[in-house]
Structures are given as C-alpha cells and as structure tokens.
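A.B. asks: Once you've had a glance at the structure underneath, I'll fire off some questions.
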Amino acid sequence: MEHRHIIAILRGITPPEIIGVCEALIASGITMIEVPLNSPQALTSIADAARKLGDKAAIGAGTVLSVDDVEAVVRAGGTFIVSPDTNEAVIERTVQLGLRSYPGVFTPTDAFRAIRAGATGLKFFPAEVLGPKGIKAIKAVLPPALPLYAVGGANPDNFADFFAAGCAGFGLGTYIYKPGMDAQAVSARAAAAVKSYDAGTAA
C-alpha cells in the first residue's frame with residue numbers, strides 16, 4: 001500500500017469517533033493514522049480501526065514510551081510506532097516485531113542513536129522550534145534516503161519550507177484533529193493538507 005508521507009495524529013480521539021474520522025481522512029487521501037496512547041481507550045480505537053480499515057490505511061500508535069506499549073500495540077493490530085523521544089529499546093522492539101518505527105529526535109545525537117537502533121524514519125519534534133534551517137543542517141549528515149518528518153508546528157502553509165529543508169513528510173496534530181472535531185471538519189483540513197503536500201512533491 002502506497003501512502004503519502006502525512007501522519008494524522010488523532011490525540012484525544014475516542015472509540016465511538018475513530019471510524020468516522022478515519023474514513024474522512026482516507027477519503028481525503030491521508031492513509032497513515034496515529035492514535036496517541038494517551039488518548040482515551042487508545043488501544044480499543046487502534047484495534048477497531050485496524051480491524052475495519054486496515055486494508056485501506058496504516059493504523060499506528062503515538063506517544064509510545066515503553067517496550068510494553070509496543071507489544072500492546074502489536075496485539076491491537078497497529079502497524080507503526082511513533083515515539084516522542086529516542087528510546088533505543090522501543091525502536092529495537094518495534095523493528096523486531098515487524099512494525100515501522102518513527103522516533104522523535106531533535107539533535108544529531110538523537111538522530112544517529114535512532115538510526116543505529118533501526119528507525120524507519122525520523123520525527124523532528126518540535127519542528128517549529130528547530131525550524132527548517134535546523135532540520136536542513138542536520139539532514140546534511142544523515143543517510144540521504146532516510147525519510148524525515150516535521151512534527152509540531154507543521155501545517156499546509158509551511159510545508160514548502162520544510163520540503164526545501166529536506167523533509168519527506170509531516171505529522172499533523174491539532175491542525176487536523178482536536179477532541180470533539182467532527183468528521184466533516186477533519187475532512188476539510190485533510191483535503192487542504194493533501195493539496196499542499198501534492199503541490200510540494202510535484203515541485
């Protein structure tokens with residue numbers, strides 16, 4: 001399954017909302033969907049989405065802090081792990097279990113720790129603090145093929161700046177979903193994100 005490098009971060013979503021919001025995202029063209037584990041009944045939401053929509057989207061977990069968390073996500077049917085930090089044990093266990101690993105990094109030291117542990121891609125977080133210039137400087141010493149994601153402050157208005165810095169994609173949190181937001185609102189924001197992303201990748 002081919003995916004745009006856009007991860008929709010549904011922090012705070014609940015099991016009754018998950019399917020409708022995921023369907024709106026998929027219809028708009030976003031097929032990487034993260035449910036942070038500090039959301040209410042997150043593993044239930046992941047399991048429901050993976051069971052019903054796993055053939056249309058990659059369903060994963062965010063705010064994954066421990067090996068136990070990784071194993072719980074696997075049991076729920078998740079296929080990728082996003083962490084806020086560079087935790088080698090989490091990365092290594094994620095890869096051992098056949099899931100994709102996207103750890104949070106901020107410095108070259110973080111980045112190379114994550115790479116050596118087997119990370120699939122790197123989440124530069126918070127991107128709005130590091131900025132495109134900071135990411136561009138760090139990318140110069142990283143493996144060229146490794147995908148970099150700007151997370152924390154990325155939105156369609158600044159995608160072009162982060163693309164120019166060498167990012168492959170983005171994690172979208174409060175821009176794309178806030179607790180209580182309905183599927184229609186999510187759909188409109190997702191469509192705007194996809195339009196900006198597609199324009200950036202075509203440039």
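By convention in this document, the chains of the structure tokens carry letters A, B, ... by their order, each chain's residues are numbered from 1, and ligands are numbered from 1 in the order they are shown.
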Could you give me, as JSON lines, every region 20-124 of chain A residue with an atom at most 7 Å from region 170-184 of chain A, plus its closest atom pair and distance in Å to one decimal, counting only C-alpha atoms, rows ordered by chain then number?

C.D. replies:
{"residue": "A:Gly20", "atom": "CA", "partner": "A:Ala183", "partner_atom": "CA", "distance": 6.1}
{"residue": "A:Val21", "atom": "CA", "partner": "A:Ala183", "partner_atom": "CA", "distance": 4.8}
{"residue": "A:Ala24", "atom": "CA", "partner": "A:Ala183", "partner_atom": "CA", "distance": 5.8}

A.B. asks: Could you take the residues named above and write them with C-alpha atoms, as a PDB file, in the first residue's frame?

C.D. replies:
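selection35.pdb, freshly written:
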ATOM      1  CA  GLY A  20     -15.867   8.126  11.122  1.00  0.00           C
ATOM      2  CA  VAL A  21     -12.768  10.288  11.444  1.00  0.00           C
ATOM      3  CA  ALA A  24     -12.875  11.013   6.397  1.00  0.00           C
TER       4      ALA A  24
END

A.B. asks: Residues of region 7-166 of chain A classed as helix (DSSP H, G or I) by DSSP on the backbone are to be reported as a ChimeraX atom specification.

C.D. replies: /A:15-28,42-53,67-76,88-96,108-117,127-139,159-164

A.B. asks: Residues within 6 Å of region 145-162 of chain A, please, as a VMD selection string. Count only C-alpha atoms; anything in the same chain fewer than 5 positions from it doesn't count.

C.D. replies: chain A and resid 121 to 128 132 167 to 171 193 196 200

A.B. asks: Just give me the gap between CA of Asp48 (chain A) and CA of Val64 (chain A) in Å, one decimal is fine.

C.D. replies: 18.5 Å

A.B. asks: Determine the nearest neighbour of Glu92 (chain A) from the options A:Ala49, A:Val194, A:Ala76, A:Val70, counting only C-alpha atoms.

C.D. replies: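 The shortest atom-to-atom distance to Glu92 (chain A) comes from A:Val70.
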
A.B. asks: When DSSP is applied to the backbone of this structure, which of region 71-124 of chain A are assigned strand (DSSP E or B)? Write them out as a PyMOL selection string.

C.D. replies: chain A and resi 80-82+100-102+104-105+122-124

A.B. asks: Just write the chosen residues, all heavy atoms, as a compact mmCIF listing (two decimals), in the first residue's frame.

C.D. replies:
# COMPACT_ATOMS: atom_id res chain seq x y z
N PHE A 80 2.52 0.66 12.96
CA PHE A 80 3.69 1.54 13.12
C PHE A 80 3.65 2.20 14.50
O PHE A 80 2.61 2.29 15.14
CB PHE A 80 3.81 2.58 12.00
CG PHE A 80 2.73 3.64 11.97
CD1 PHE A 80 2.86 4.83 12.68
CD2 PHE A 80 1.59 3.47 11.19
CE1 PHE A 80 1.88 5.81 12.62
CE2 PHE A 80 0.61 4.43 11.13
CZ PHE A 80 0.75 5.62 11.85
N ILE A 81 4.85 2.62 14.93
CA ILE A 81 5.04 3.18 16.26
C ILE A 81 5.70 4.55 16.13
O ILE A 81 6.73 4.68 15.47
CB ILE A 81 5.95 2.27 17.12
CG1 ILE A 81 5.30 0.90 17.35
CG2 ILE A 81 6.34 2.95 18.42
CD1 ILE A 81 4.10 0.90 18.26
N VAL A 82 5.11 5.54 16.78
CA VAL A 82 5.68 6.88 16.83
C VAL A 82 5.97 7.20 18.30
O VAL A 82 5.11 7.01 19.16
CB VAL A 82 4.73 7.93 16.24
CG1 VAL A 82 5.38 9.32 16.27
CG2 VAL A 82 4.34 7.56 14.81
N ARG A 100 6.92 -0.49 11.68
CA ARG A 100 7.74 0.66 11.32
C ARG A 100 7.92 1.57 12.54
O ARG A 100 7.00 1.71 13.34
CB ARG A 100 7.11 1.43 10.16
CG ARG A 100 7.23 0.69 8.83
CD ARG A 100 6.43 1.36 7.74
NE ARG A 100 5.00 1.20 7.96
CZ ARG A 100 4.07 1.99 7.45
NH1 ARG A 100 4.41 3.02 6.69
NH2 ARG A 100 2.79 1.76 7.69
N SER A 101 9.09 2.16 12.66
CA SER A 101 9.46 2.95 13.83
C SER A 101 9.79 4.39 13.43
O SER A 101 10.66 4.63 12.60
CB SER A 101 10.67 2.33 14.52
OG SER A 101 11.17 3.19 15.53
N TYR A 102 9.09 5.34 14.07
CA TYR A 102 9.31 6.76 13.81
C TYR A 102 9.55 7.48 15.14
O TYR A 102 8.64 8.06 15.72
CB TYR A 102 8.11 7.38 13.09
CG TYR A 102 7.78 6.71 11.77
CD1 TYR A 102 6.79 5.74 11.69
CD2 TYR A 102 8.49 7.02 10.61
CE1 TYR A 102 6.49 5.12 10.49
CE2 TYR A 102 8.20 6.41 9.41
CZ TYR A 102 7.19 5.46 9.35
OH TYR A 102 6.90 4.82 8.16
N GLY A 104 10.99 10.29 17.88
CA GLY A 104 11.22 11.72 17.91
C GLY A 104 12.69 12.03 18.15
O GLY A 104 13.34 11.42 19.00
N VAL A 105 13.21 12.97 17.37
CA VAL A 105 14.59 13.42 17.51
C VAL A 105 14.63 14.95 17.45
O VAL A 105 13.73 15.58 16.92
CB VAL A 105 15.51 12.83 16.42
CG1 VAL A 105 15.45 11.31 16.40
CG2 VAL A 105 15.16 13.37 15.04
N LEU A 122 12.64 9.46 10.80
CA LEU A 122 12.87 10.29 11.97
C LEU A 122 11.81 11.38 12.05
O LEU A 122 11.50 12.04 11.06
CB LEU A 122 14.26 10.93 11.92
CG LEU A 122 15.45 9.99 11.83
CD1 LEU A 122 16.75 10.80 11.79
CD2 LEU A 122 15.47 9.00 12.98
N LYS A 123 11.30 11.59 13.26
CA LYS A 123 10.32 12.63 13.52
C LYS A 123 11.03 13.80 14.19
O LYS A 123 11.39 13.72 15.36
CB LYS A 123 9.21 12.07 14.43
CG LYS A 123 8.16 13.08 14.82
CD LYS A 123 7.15 12.49 15.78
CE LYS A 123 7.54 12.67 17.22
NZ LYS A 123 6.46 12.33 18.17
N PHE A 124 11.26 14.87 13.45
CA PHE A 124 11.87 16.05 14.06
C PHE A 124 10.80 16.79 14.85
O PHE A 124 9.82 17.29 14.28
CB PHE A 124 12.50 16.95 13.00
CG PHE A 124 13.88 16.51 12.63
CD1 PHE A 124 14.10 15.76 11.49
CD2 PHE A 124 14.96 16.82 13.44
CE1 PHE A 124 15.38 15.33 11.16
CE2 PHE A 124 16.24 16.40 13.12
CZ PHE A 124 16.46 15.65 11.98

A.B. asks: Check the smallest atom-to-atom distance from each of A:Ile59, A:Val90, A:Ala50, A:Ile138 to Ile7 (chain A) using only C-alpha atoms, then report the winner.

C.D. replies: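 Of the candidates, the smallest distance to Ile7 (chain A) is held by A:Ile59.
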
A.B. asks: Would you please work out which residue, of A:Thr109, A:Gln96, A:Thr201, A:Ser187, is nearest to Ser28 (chain A) when using only C-alpha atoms?

C.D. replies: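 Ranking A:Thr109, A:Gln96, A:Thr201, A:Ser187 by distance to Ser28 (chain A), first place goes to A:Ser187.
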
A.B. asks: Quick one: of A:Ile26, A:Ala47, A:Leu37, A:Phe163, who's nearest to Ala202 (chain A), counting only C-alpha atoms?

C.D. replies: A:Phe163

A.B. asks: Can you tell me, as a list in words, what residues are no more than 9 Å from Ala191 (chain A) when counting only C-alpha atoms, ignoring any on the same chain fewer than 6 positions away?

C.D. replies: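 In the requested format, the answer is Leu25, Ala27, Ser28, Gly29 and Ile30 of chain A.
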
A.B. asks: To one decimal place, how far is CA of Leu142 (chain A) from CA of Glu71 (chain A) in Å?

C.D. replies: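 Interatomic distance here is 29.0 Å.
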
A.B. asks: Ranking A:Thr31, A:Thr44, A:Thr94, A:Ser39 by minimum distance to Asp69 (chain A) and counting only C-alpha atoms, which one comes first?

C.D. replies: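 Closest to Asp69 (chain A), using only C-alpha atoms: A:Thr94.
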
A.B. asks: Mind giving me the straight-line distance from CA of Asn38 (chain A) to CA of Leu65 (chain A) in Å, one decimal?

C.D. replies: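 About the pair CA of Asn38 (chain A) and CA of Leu65 (chain A): they are 10.4 Å apart.
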
A.B. asks: Using only C-alpha atoms, find the one residue out of A:Ala119, A:Ile91, A:Leu130, A:Ala61 that sits nearest to Phe106 (chain A).

C.D. replies: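 The closest residue to Phe106 (chain A) is A:Leu130.
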